[in-house]
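This is target-v3.pdb (PDB, C-alpha atoms).
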ATOM      1  CA  MET L  22     -89.690   2.288-145.433
ATOM      2  CA  SER L  23     -92.714   4.145-146.750
ATOM      3  CA  GLU L  24     -95.907   2.123-147.099
ATOM      4  CA  LEU L  25     -97.200   1.491-150.601
ATOM      5  CA  VAL L  26    -100.821   0.336-150.269
ATOM      6  CA  THR L  27    -102.679  -1.483-153.014
ATOM      7  CA  GLY L  28    -106.389  -1.403-153.732
ATOM      8  CA  GLU L  29    -106.733  -4.464-151.483
ATOM      9  CA  ALA L  30    -105.355  -2.370-148.558
ATOM     10  CA  VAL L  31    -102.173  -4.452-148.425
ATOM     11  CA  ALA L  32     -98.850  -2.750-147.738
ATOM     12  CA  LEU L  33     -96.448  -3.845-150.446
ATOM     13  CA  GLU L  34     -92.741  -4.452-149.955
ATOM     14  CA  LEU L  35     -91.730  -2.167-152.816
ATOM     15  CA  ARG L  36     -89.778   0.715-151.359
ATOM     16  CA  PRO L  37     -89.584   4.243-152.792
ATOM     17  CA  ALA L  38     -86.368   4.804-154.714
ATOM     18  CA  LYS L  39     -83.692   7.111-153.342
ATOM     19  CA  LEU L  40     -82.583  10.247-155.137
ATOM     20  CA  PRO L  41     -79.088   8.984-156.147
ATOM     21  CA  SER L  42     -80.465   5.866-157.877
ATOM     22  CA  ARG L  43     -83.167   7.885-159.615
ATOM     23  CA  ALA L  44     -80.623  10.458-160.792
ATOM     24  CA  LEU L  45     -78.378   7.700-162.163
ATOM     25  CA  ALA L  46     -81.325   6.150-164.015
ATOM     26  CA  VAL L  47     -82.249   9.537-165.541
ATOM     27  CA  LEU L  48     -78.641  10.103-166.647
ATOM     28  CA  LEU L  49     -78.546   6.701-168.327
ATOM     29  CA  ASP L  50     -81.841   7.379-170.097
ATOM     30  CA  LEU L  51     -80.643  10.802-171.247
ATOM     31  CA  ALA L  52     -77.355   9.353-172.485
ATOM     32  CA  VAL L  53     -79.181   6.755-174.583
ATOM     33  CA  ALA L  54     -81.638   9.369-175.902
ATOM     34  CA  VAL L  55     -78.860  11.835-176.809
ATOM     35  CA  ILE L  56     -76.854   9.153-178.613
ATOM     36  CA  ALA L  57     -79.932   8.106-180.566
ATOM     37  CA  TYR L  58     -80.702  11.766-181.322
ATOM     38  CA  ILE L  59     -77.193  12.421-182.653
ATOM     39  CA  VAL L  60     -77.174   9.299-184.823
ATOM     40  CA  VAL L  61     -80.613  10.034-186.269
ATOM     41  CA  THR L  62     -79.758  13.697-186.805
ATOM     42  CA  ILE L  63     -76.609  12.879-188.765
ATOM     43  CA  GLY L  64     -78.568  10.479-190.940
ATOM     44  CA  VAL L  65     -81.421  12.920-191.553
ATOM     45  CA  VAL L  66     -79.069  15.830-192.325
ATOM     46  CA  ALA L  67     -77.167  13.705-194.812
ATOM     47  CA  ALA L  68     -80.422  12.606-196.444
ATOM     48  CA  THR L  69     -81.930  16.119-196.573
ATOM     49  CA  ALA L  70     -78.870  18.114-197.601
ATOM     50  CA  SER L  71     -80.766  19.544-200.557
ATOM     51  CA  LEU L  72     -83.419  21.178-198.331
ATOM     52  CA  ASP L  73     -83.203  24.749-197.173
ATOM     53  CA  GLU L  74     -82.162  25.786-193.678
ATOM     54  CA  ALA L  75     -85.720  26.306-192.394
ATOM     55  CA  ALA L  76     -86.753  22.796-193.356
ATOM     56  CA  GLN L  77     -83.689  21.318-191.689
ATOM     57  CA  THR L  78     -84.408  23.302-188.532
ATOM     58  CA  ALA L  79     -87.989  22.034-188.478
ATOM     59  CA  LEU L  80     -86.778  18.464-188.886
ATOM     60  CA  SER L  81     -84.296  18.929-186.043
ATOM     61  CA  ILE L  82     -87.030  20.183-183.713
ATOM     62  CA  ALA L  83     -89.316  17.324-184.700
ATOM     63  CA  MET L  84     -86.588  14.760-184.044
ATOM     64  CA  PHE L  85     -85.825  16.396-180.689
ATOM     65  CA  VAL L  86     -89.456  16.115-179.618
ATOM     66  CA  LEU L  87     -89.813  12.552-180.891
ATOM     67  CA  LEU L  88     -86.606  11.153-179.438
ATOM     68  CA  LEU L  89     -86.085  13.125-176.222
ATOM     69  CA  VAL L  90     -89.756  13.502-175.274
ATOM     70  CA  GLY L  91     -91.779  10.893-177.141
ATOM     71  CA  GLY L  92     -89.127   8.180-176.818
ATOM     72  CA  PRO L  93     -89.156   7.966-172.987
ATOM     73  CA  ILE L  94     -92.964   8.146-172.968
ATOM     74  CA  ALA L  95     -93.237   5.245-175.415
ATOM     75  CA  VAL L  96     -90.625   3.175-173.577
ATOM     76  CA  GLU L  97     -92.266   3.647-170.163
ATOM     77  CA  THR L  98     -95.696   2.840-171.606
ATOM     78  CA  LEU L  99     -94.613  -0.337-173.388
ATOM     79  CA  SER L 100     -92.411  -1.556-170.534
ATOM     80  CA  HIS L 101     -94.939  -0.621-167.796
ATOM     81  CA  GLY L 102     -92.604   1.831-166.086
ATOM     82  CA  ARG L 103     -89.165   0.349-166.740
ATOM     83  CA  SER L 104     -86.946   2.400-168.991
ATOM     84  CA  LEU L 105     -83.385   1.319-169.788
ATOM     85  CA  GLY L 106     -81.926   3.401-166.980
ATOM     86  CA  LYS L 107     -84.488   2.227-164.448
ATOM     87  CA  LEU L 108     -84.013  -1.362-165.538
ATOM     88  CA  ALA L 109     -80.260  -1.052-164.988
ATOM     89  CA  CYS L 110     -80.770   0.487-161.536
ATOM     90  CA  GLY L 111     -83.532  -1.894-160.461
ATOM     91  CA  LEU L 112     -86.253   0.777-160.411
ATOM     92  CA  ARG L 113     -89.771   0.943-161.739
ATOM     93  CA  VAL L 114     -92.562   3.505-162.051
ATOM     94  CA  VAL L 115     -95.864   2.362-160.539
ATOM     95  CA  ARG L 116     -99.171   3.985-159.689
ATOM     96  CA  ASP L 117     -99.930   5.195-156.190
ATOM     97  CA  ASP L 118    -101.835   1.959-155.537
ATOM     98  CA  GLY L 119     -98.931  -0.201-156.739
ATOM     99  CA  GLY L 120    -100.382  -1.064-160.154
ATOM    100  CA  PRO L 121     -98.598  -0.703-163.511
ATOM    101  CA  ILE L 122     -98.696   2.684-165.231
ATOM    102  CA  ARG L 123    -100.469   3.382-168.510
ATOM    103  CA  PHE L 124    -100.003   5.820-171.363
ATOM    104  CA  ARG L 125    -101.619   8.770-169.584
ATOM    105  CA  HIS L 126     -99.271   8.383-166.610
ATOM    106  CA  ALA L 127     -96.192   8.199-168.844
ATOM    107  CA  LEU L 128     -97.457  11.162-170.914
ATOM    108  CA  VAL L 129     -97.866  13.433-167.885
ATOM    109  CA  ARG L 130     -94.491  12.400-166.476
ATOM    110  CA  GLY L 131     -92.785  12.961-169.830
ATOM    111  CA  LEU L 132     -94.298  16.375-170.539
ATOM    112  CA  ILE L 133     -93.583  17.742-167.077
ATOM    113  CA  GLY L 134     -90.137  16.130-167.176
ATOM    114  CA  VAL L 135     -89.227  18.352-170.125
ATOM    115  CA  ILE L 136     -89.635  21.380-167.850
ATOM    116  CA  GLU L 137     -88.232  20.087-164.571
ATOM    117  CA  ILE L 138     -85.400  17.960-166.011
ATOM    118  CA  LEU L 139     -84.392  19.182-169.476
ATOM    119  CA  MET L 140     -85.092  22.939-169.248
ATOM    120  CA  THR L 141     -83.873  23.388-165.662
ATOM    121  CA  LEU L 142     -81.077  20.793-165.839
ATOM    122  CA  GLY L 143     -82.834  18.720-163.171
ATOM    123  CA  VAL L 144     -82.773  21.403-160.463
ATOM    124  CA  VAL L 145     -86.568  21.471-160.029
ATOM    125  CA  ALA L 146     -86.755  17.681-160.006
ATOM    126  CA  VAL L 147     -84.064  17.420-157.336
ATOM    127  CA  ILE L 148     -85.735  20.026-155.111
ATOM    128  CA  SER L 149     -89.181  18.430-155.389
ATOM    129  CA  SER L 150     -87.725  14.972-154.691
ATOM    130  CA  LEU L 151     -85.973  16.227-151.567
ATOM    131  CA  VAL L 152     -89.114  17.970-150.308
ATOM    132  CA  SER L 153     -91.427  15.000-150.961
ATOM    133  CA  ALA L 154     -91.610  12.366-148.238
ATOM    134  CA  ARG L 155     -91.626   9.611-150.849
ATOM    135  CA  GLY L 156     -89.081  11.191-153.188
ATOM    136  CA  ARG L 157     -91.557  12.137-155.912
ATOM    137  CA  ARG L 158     -90.825  14.812-158.495
ATOM    138  CA  LEU L 159     -93.530  17.078-159.943
ATOM    139  CA  GLY L 160     -94.223  14.687-162.799
ATOM    140  CA  ASP L 161     -94.966  11.920-160.310
ATOM    141  CA  VAL L 162     -97.216  14.169-158.230
ATOM    142  CA  PHE L 163     -99.363  15.239-161.194
ATOM    143  CA  ALA L 164     -99.407  11.772-162.767
ATOM    144  CA  GLY L 165    -100.158   9.945-159.531
ATOM    145  CA  THR L 166     -97.090   7.722-159.791
ATOM    146  CA  LEU L 167     -94.125   6.678-157.688
ATOM    147  CA  VAL L 168     -90.673   5.328-158.524
ATOM    148  CA  VAL L 169     -89.925   2.271-156.393
ATOM    149  CA  ARG L 170     -87.148  -0.235-155.971
ATOM    150  CA  GLU L 171     -87.875  -3.495-157.742
ATOM    151  CA  ARG L 172     -84.950  -5.437-156.332
ATOM    152  CA  VAL L 173     -85.506  -6.363-152.696
ATOM    153  CA  PRO L 174     -83.047  -8.528-150.709
ATOM    154  CA  LEU L 175     -84.020 -12.174-150.931
ATOM    155  CA  ALA L 176     -83.376 -12.786-147.253
ATOM    156  CA  ARG L 177     -86.298 -10.518-146.340
ATOM    157  CA  THR L 178     -88.866 -11.318-148.980
ATOM    158  CA  GLY L 179     -88.033 -14.625-150.608
ATOM    159  CA  PHE L 180     -89.672 -16.992-148.085
ATOM    160  CA  VAL L 181     -93.375 -17.768-148.227
ATOM    161  CA  PRO L 182     -94.504 -19.860-145.228
ATOM    162  CA  PRO L 183     -96.099 -23.152-146.337
ATOM    163  CA  PRO L 184     -99.734 -23.831-145.478
ATOM    164  CA  PRO L 185    -100.703 -26.210-142.669
ATOM    165  CA  PRO L 186    -100.270 -29.868-143.713
ATOM    166  CA  TRP L 187    -103.990 -30.651-143.428
ATOM    167  CA  LEU L 188    -104.762 -27.988-146.070
ATOM    168  CA  ALA L 189    -102.299 -29.279-148.666
ATOM    169  CA  GLY L 190    -104.075 -30.478-151.786
ATOM    170  CA  ARG L 191    -107.502 -29.381-150.565
ATOM    171  CA  PHE L 192    -108.042 -26.779-153.305
ATOM    172  CA  THR L 193    -107.145 -28.887-156.329
ATOM    173  CA  GLY L 194    -110.563 -28.286-157.918
ATOM    174  CA  LEU L 195    -110.585 -24.515-157.402
ATOM    175  CA  ASP L 196    -110.940 -22.313-160.501
ATOM    176  CA  LEU L 197    -108.071 -19.796-160.429
ATOM    177  CA  SER L 198    -108.416 -18.455-163.967
ATOM    178  CA  ALA L 199    -110.198 -15.239-162.897
ATOM    179  CA  VAL L 200    -107.622 -14.215-160.270
ATOM    180  CA  PRO L 201    -105.503 -11.320-161.614
ATOM    181  CA  ASP L 202    -101.737 -11.188-161.313
ATOM    182  CA  GLY L 203    -101.939  -8.129-159.087
ATOM    183  CA  LEU L 204    -103.907 -10.052-156.458
ATOM    184  CA  TRP L 205    -101.418 -12.942-156.550
ATOM    185  CA  LEU L 206     -98.607 -10.441-156.030
ATOM    186  CA  ALA L 207    -100.410  -8.835-153.088
ATOM    187  CA  ILE L 208    -101.045 -12.256-151.492
ATOM    188  CA  ARG L 209     -97.439 -13.334-151.868
ATOM    189  CA  GLN L 210     -96.101 -10.080-150.488
ATOM    190  CA  TYR L 211     -98.467 -10.239-147.546
ATOM    191  CA  LEU L 212     -97.407 -13.808-146.698
ATOM    192  CA  THR L 213     -93.725 -12.884-146.778
ATOM    193  CA  ARG L 214     -94.310  -9.935-144.414
ATOM    194  CA  MET L 215     -97.056 -11.165-142.103
ATOM    195  CA  GLN L 216     -94.576 -12.061-139.352
ATOM    196  CA  GLN L 217     -93.431  -8.418-139.283
ATOM    197  CA  LEU L 218     -96.945  -6.983-138.984
ATOM    198  CA  ASP L 219     -99.015  -6.326-135.911
ATOM    199  CA  PRO L 220    -101.217  -9.418-135.363
ATOM    200  CA  GLN L 221    -104.468  -7.464-135.499
ATOM    201  CA  VAL L 222    -103.428  -5.548-138.624
ATOM    202  CA  GLY L 223    -102.147  -8.719-140.287
ATOM    203  CA  TRP L 224    -105.398 -10.571-139.536
ATOM    204  CA  SER L 225    -107.445  -7.714-141.016
ATOM    205  CA  MET L 226    -105.308  -7.671-144.178
ATOM    206  CA  ALA L 227    -105.597 -11.434-144.536
ATOM    207  CA  GLU L 228    -109.387 -11.282-144.216
ATOM    208  CA  ARG L 229    -109.638  -8.643-146.952
ATOM    209  CA  LEU L 230    -107.359 -10.601-149.268
ATOM    210  CA  ALA L 231    -109.194 -13.865-148.568
ATOM    211  CA  THR L 232    -112.548 -12.206-149.290
ATOM    212  CA  ASP L 233    -111.263 -10.816-152.586
ATOM    213  CA  LEU L 234    -109.727 -14.166-153.548
ATOM    214  CA  ALA L 235    -112.927 -16.037-152.720
ATOM    215  CA  ALA L 236    -114.930 -13.586-154.828
ATOM    216  CA  ARG L 237    -112.598 -14.130-157.812
ATOM    217  CA  THR L 238    -112.660 -17.924-157.537
ATOM    218  CA  GLY L 239    -116.419 -18.123-156.982
ATOM    219  CA  SER L 240    -115.967 -20.411-153.968
ATOM    220  CA  PRO L 241    -116.130 -19.159-150.365
ATOM    221  CA  ALA L 242    -113.285 -19.822-147.985
ATOM    222  CA  PRO L 243    -113.820 -22.921-145.785
ATOM    223  CA  GLN L 244    -115.339 -22.324-142.388
ATOM    224  CA  GLY L 245    -112.894 -22.416-139.483
ATOM    225  CA  VAL L 246    -109.787 -21.969-141.646
ATOM    226  CA  PRO L 247    -107.639 -18.920-140.767
ATOM    227  CA  PRO L 248    -107.535 -16.476-143.687
ATOM    228  CA  ALA L 249    -103.734 -16.491-143.837
ATOM    229  CA  ALA L 250    -103.697 -20.299-144.006
ATOM    230  CA  TYR L 251    -106.339 -20.188-146.744
ATOM    231  CA  LEU L 252    -104.225 -17.734-148.758
ATOM    232  CA  ALA L 253    -101.104 -19.854-148.356
ATOM    233  CA  ALA L 254    -102.902 -23.035-149.404
ATOM    234  CA  VAL L 255    -104.417 -21.468-152.533
ATOM    235  CA  LEU L 256    -101.072 -19.877-153.447
ATOM    236  CA  GLN L 257     -99.376 -23.257-153.081
ATOM    237  CA  GLU L 258    -102.023 -24.810-155.335
ATOM    238  CA  ARG L 259    -101.312 -22.180-157.994
ATOM    239  CA  GLN L 260     -97.577 -22.813-157.779
ATOM    240  CA  THR L 261     -98.192 -26.574-158.047
ATOM    241  CA  ARG L 262    -100.243 -26.085-161.198
ATOM    242  CA  GLU L 263     -97.608 -23.835-162.742
ATOM    243  CA  ALA L 264     -94.881 -26.362-161.970
ATOM    244  CA  ARG L 265     -97.024 -29.128-163.441
ATOM    245  CA  ARG L 266     -97.507 -27.170-166.656
ATOM    246  CA  ALA L 267     -93.855 -26.168-166.857
ATOM    247  CA  PHE L 268     -92.289 -29.551-166.162
ATOM    248  CA  GLY L 269     -95.094 -31.849-167.305
ATOM    249  CA  SER L 270     -95.291 -33.751-164.028
ATOM    250  CA  GLY L 271     -98.878 -34.809-164.768
ATOM    251  CA  PRO L 272    -101.306 -35.904-162.080
ATOM    252  CA  ALA L 273     -98.504 -37.274-159.919
ATOM    253  CA  ALA L 274     -97.921 -33.867-158.366
ATOM    254  CA  GLY L 275    -101.564 -33.522-157.455
ATOM    255  CA  GLY L 276    -101.626 -37.006-155.955
ATOM    256  CA  THR L 277     -98.602 -36.220-153.854
ATOM    257  CA  ALA L 278    -100.178 -33.057-152.559
ATOM    258  CA  GLY L 279    -103.399 -34.874-151.763
ATOM    259  CA  GLY L 280    -101.518 -37.576-149.916
ATOM    260  CA  ALA L 281     -99.696 -34.971-147.883
ATOM    261  CA  GLY L 282    -102.983 -33.375-146.967
ATOM    262  CA  ALA L 283    -104.462 -36.698-145.870
ATOM    263  CA  ALA L 284    -101.403 -37.636-143.892
ATOM    264  CA  GLY L 285    -101.269 -34.279-142.159
ATOM    265  CA  SER L 286    -104.955 -34.076-141.280
ATOM    266  CA  GLY L 287    -104.377 -35.670-137.906
ATOM    267  CA  LYS L 288    -101.538 -33.300-137.001
ATOM    268  CA  ALA L 289    -103.657 -30.198-136.612
ATOM    269  CA  ALA L 290    -104.895 -31.063-133.139
ATOM    270  CA  ALA L 291    -101.528 -32.275-131.865
ATOM    271  CA  GLY L 292     -99.440 -29.336-133.017
ATOM    272  CA  GLY L 293     -99.216 -26.026-131.240
ATOM    273  CA  PRO L 294    -100.052 -22.610-132.694
ATOM    274  CA  GLY L 295     -98.240 -22.037-135.952
ATOM    275  CA  ALA L 296     -97.563 -19.110-138.262
ATOM    276  CA  TYR L 297    -101.244 -18.800-139.157
ATOM    277  CA  GLY L 298    -102.730 -18.788-135.658
ATOM    278  CA  PRO L 299    -104.158 -21.644-133.569
ATOM    279  CA  PRO L 300    -104.678 -24.891-135.474
ATOM    280  CA  VAL L 301    -108.185 -25.662-136.660
ATOM    281  CA  MET L 302    -109.503 -29.177-137.155
ATOM    282  CA  PRO L 303    -110.621 -29.814-140.740
ATOM    283  CA  PRO L 304    -114.342 -30.306-141.278
ATOM    284  CA  PRO L 305    -115.680 -33.853-141.504
ATOM    285  CA  ALA L 306    -115.909 -33.619-145.310
ATOM    286  CA  ALA L 307    -112.128 -33.412-145.520
ATOM    287  CA  ALA L 308    -111.475 -36.403-143.265
ATOM    288  CA  SER L 309    -109.020 -39.027-144.497
ATOM    289  CA  PRO L 310    -110.469 -42.075-146.256
ATOM    290  CA  HIS L 311    -108.542 -44.288-143.814
ATOM    291  CA  HIS L 312    -110.958 -43.335-141.041
ATOM    292  CA  ALA L 313    -113.901 -44.517-143.115
ATOM    293  CA  VAL L 314    -112.419 -48.022-143.273
ATOM    294  CA  ARG L 315    -112.506 -48.301-139.492
ATOM    295  CA  GLN L 316    -116.258 -47.637-139.355
ATOM    296  CA  PRO L 317    -118.313 -50.740-138.457
ATOM    297  CA  PRO L 318    -120.098 -52.268-141.470
ATOM    298  CA  ALA L 319    -123.816 -51.734-141.823
ATOM    299  CA  PRO L 320    -125.941 -54.746-140.819
ATOM    300  CA  HIS L 321    -127.036 -56.926-143.736
ATOM    301  CA  ASP L 322    -130.738 -56.866-144.448
ATOM    302  CA  ALA L 323    -131.625 -60.380-145.612
ATOM    303  CA  ALA L 324    -135.211 -59.443-146.483
ATOM    304  CA  SER L 325    -134.046 -56.944-149.087
ATOM    305  CA  ASP L 326    -131.871 -59.506-150.885
ATOM    306  CA  ASP L 327    -133.378 -61.039-154.030
ATOM    307  CA  ARG L 328    -132.037 -64.458-153.177
ATOM    308  CA  PRO L 329    -133.681 -66.577-150.460
ATOM    309  CA  ALA L 330    -132.039 -66.434-147.066
ATOM    310  CA  THR L 331    -130.687 -69.970-146.831
ATOM    311  CA  GLY L 332    -127.804 -69.261-144.487
ATOM    312  CA  PHE L 333    -125.418 -70.529-147.139
ATOM    313  CA  ALA L 334    -122.439 -68.266-147.838
ATOM    314  CA  PRO L 335    -120.957 -68.798-151.330
ATOM    315  CA  PRO L 336    -117.230 -69.397-151.473
ATOM    316  CA  ALA L 337    -115.013 -66.372-152.008
TER
END

Output the structure of this file as structure tokens.
Amino acid sequence: MSELVTGEAVALELRPAKLPSRALAVLLDLAVAVIAYIVVTIGVVAATASLDEAAQTALSIAMFVLLLVGGPIAVETLSHGRSLGKLACGLRVVRDDGGPIRFRHALVRGLIGVIEILMTLGVVAVISSLVSARGRRLGDVFAGTLVVRERVPLARTGFVPPPPPWLAGRFTGLDLSAVPDGLWLAIRQYLTRMQQLDPQVGWSMAERLATDLAARTGSPAPQGVPPAAYLAAVLQERQTREARRAFGSGPAAGGTAGGAGAAGSGKAAAGGPGAYGPPVMPPPAAASPHHAVRQPPAPHDAASDDRPATGFAPPA
């Protein structure tokens, strides 16, 4: 699997598409474009039967350019890299850093695709895809894009390890509105793959992601908390908020999470090393309120009381 690295230096799970699936997607797109071209041409010819032959030829060329060249460019721009053929085959066009493409990327791919796909019947595109290590045709090379597989087996990428119990509910007051979707995607994909990475490389990736996340939220990561555990806890908080908004669970969900965090705060020292490294005791500020009850009461200062110290205790 070829690495696809984002701007946060995180290797994504999206894998470059193979030549057969790309060829099938192109054939489906061409079939749809040709059918639309034929239907529109018949309608235009019937509507412009009174025009001379030169005008009809000019209209035919204009419709060819609009439907077979401009159509795919518009579709890829509006769908962020997913044409009908790619959607059917589970493919998508992304930038080299894993981000969604824009109009300039789709324009370069479309214009060069006229030469390497339409004019040469796909021969140039096939040769360049076979030569490229990541299966890119000339349009992808000049546009800085890559066609990747969007559908990944759930058994490999569907599980996100939960955060340590003593971190659950700790980030309920964190402002997550400034965190972009691309960073959430990178965090989730890192958490699903961190067990497959070298420990040193995985720790470095987690530190970079945690630093970026802390900069977007405006709150630094807690001291002594492993970066991977911090990422998992904040991601769980985001999922809890989304579930609360979707299902209207109200503050009950937050209270449950907070209770889980308080109940699990004493398990960090007893448990062995987990998926996020050795356990770290939470700082005193996060201690459970139950421990505060066991503290001895402060001695009563009778001189500071407004009432005279008579030794008489009023009835409860």

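Residues selected in this file by the PyMOL selection byres ((chain L and resi 37-43) around 6) comprise Arg36, Ala44, Leu45, Ala46, Val168, Val169 and Arg170 of chain L.
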
Keeping only C-alpha atoms, take the residues you just selected and write them out as a compact mmCIF listing (two decimals), keeping the file's coordinate frame.
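Saved as out.txt:
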# COMPACT_ATOMS: atom_id res chain seq x y z
CA ARG L 36 -89.78 0.72 -151.36
CA ALA L 44 -80.62 10.46 -160.79
CA LEU L 45 -78.38 7.70 -162.16
CA ALA L 46 -81.32 6.15 -164.02
CA VAL L 168 -90.67 5.33 -158.52
CA VAL L 169 -89.92 2.27 -156.39
CA ARG L 170 -87.15 -0.24 -155.97

Size and centre in Å, one decimal, axis-aligned box, all listed range 114-117 of chain L atoms plus 6 Å per side, as JSON:
{"center_x": -96.2, "center_y": 3.8, "center_z": -159.1, "size_x": 19.4, "size_y": 14.8, "size_z": 17.9}

Let me know the residues the PyMOL selection byres ((chain L and resi 228-238) around 9) catches in the file above, as number ranges by chain.
L: 29-31, 195-201, 204-205, 207-208, 223-227, 239-242, 247-249, 251-252

Tell me which protein, DNA and RNA residues are within 12 Å of Ala68 in chain L, counting all atoms listed in the file, leaving out same-chain ones fewer than 6 positions away, and put them as an MDAnalysis selection string.
chainID L and resid 61:62 77 80

Given the PyMOL selection byres ((chain L and resi 93) around 10), the residues it picks as a PyMOL selection string:
chain L and resi 50-51+54+87-92+94-99+102-105+127-128+130-131

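Taking CA of Arg214 in chain L and CA of Ala154 in chain L as endpoints, the distance between them is 22.8 Å.
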
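Straight-line separation from CA of Ile138 in chain L to CA of Arg123 in chain L: 21.1 Å.
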
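Restricting the calculation to only C-alpha atoms, the smallest distance between Asp202 in chain L and any of L:Val147, L:Val66, L:Tyr58, L:Arg259 is found for L:Arg259.
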
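Picture a line from CA of Val114 in chain L to CA of Asp219 in chain L; it runs 28.7 Å.
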
For Val86 in chain L, which of L:Gly203, L:Leu139, L:Pro243, L:Gly156 is the closest residue, counting all atoms listed in the file?
L:Leu139

Counting only C-alpha atoms, which residues sit no farther than 9 Å from the position (-101.0, 5.5, -166.7) in the file's frame? I'd like them as a list in words.
Thr98, His101, Val115, Arg116, Pro121, Ile122, Arg123, Phe124, Arg125, His126, Ala127, Leu128, Val129, Ala164, Gly165 and Thr166 of chain L

Quick one: of L:Glu171, L:Asp73, L:Glu137, L:Asp161, who's nearest to Ala109 in chain L, counting all atoms listed in the file?
L:Glu171

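Around range 181-184 of chain L, within 8 Å and counting only C-alpha atoms, the residues found are Arg209, Leu212, Thr213, Ala250, Tyr251, Ala253, Ala254, Gln257 and Ala296 of chain L, once anything fewer than 6 positions away on its own chain is removed.
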
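With distances taken over all atoms listed in the file, L:Leu167 is the one residue among L:Val145, L:Leu159, L:Leu167, L:Ala57 lying closest to Asp117 in chain L.
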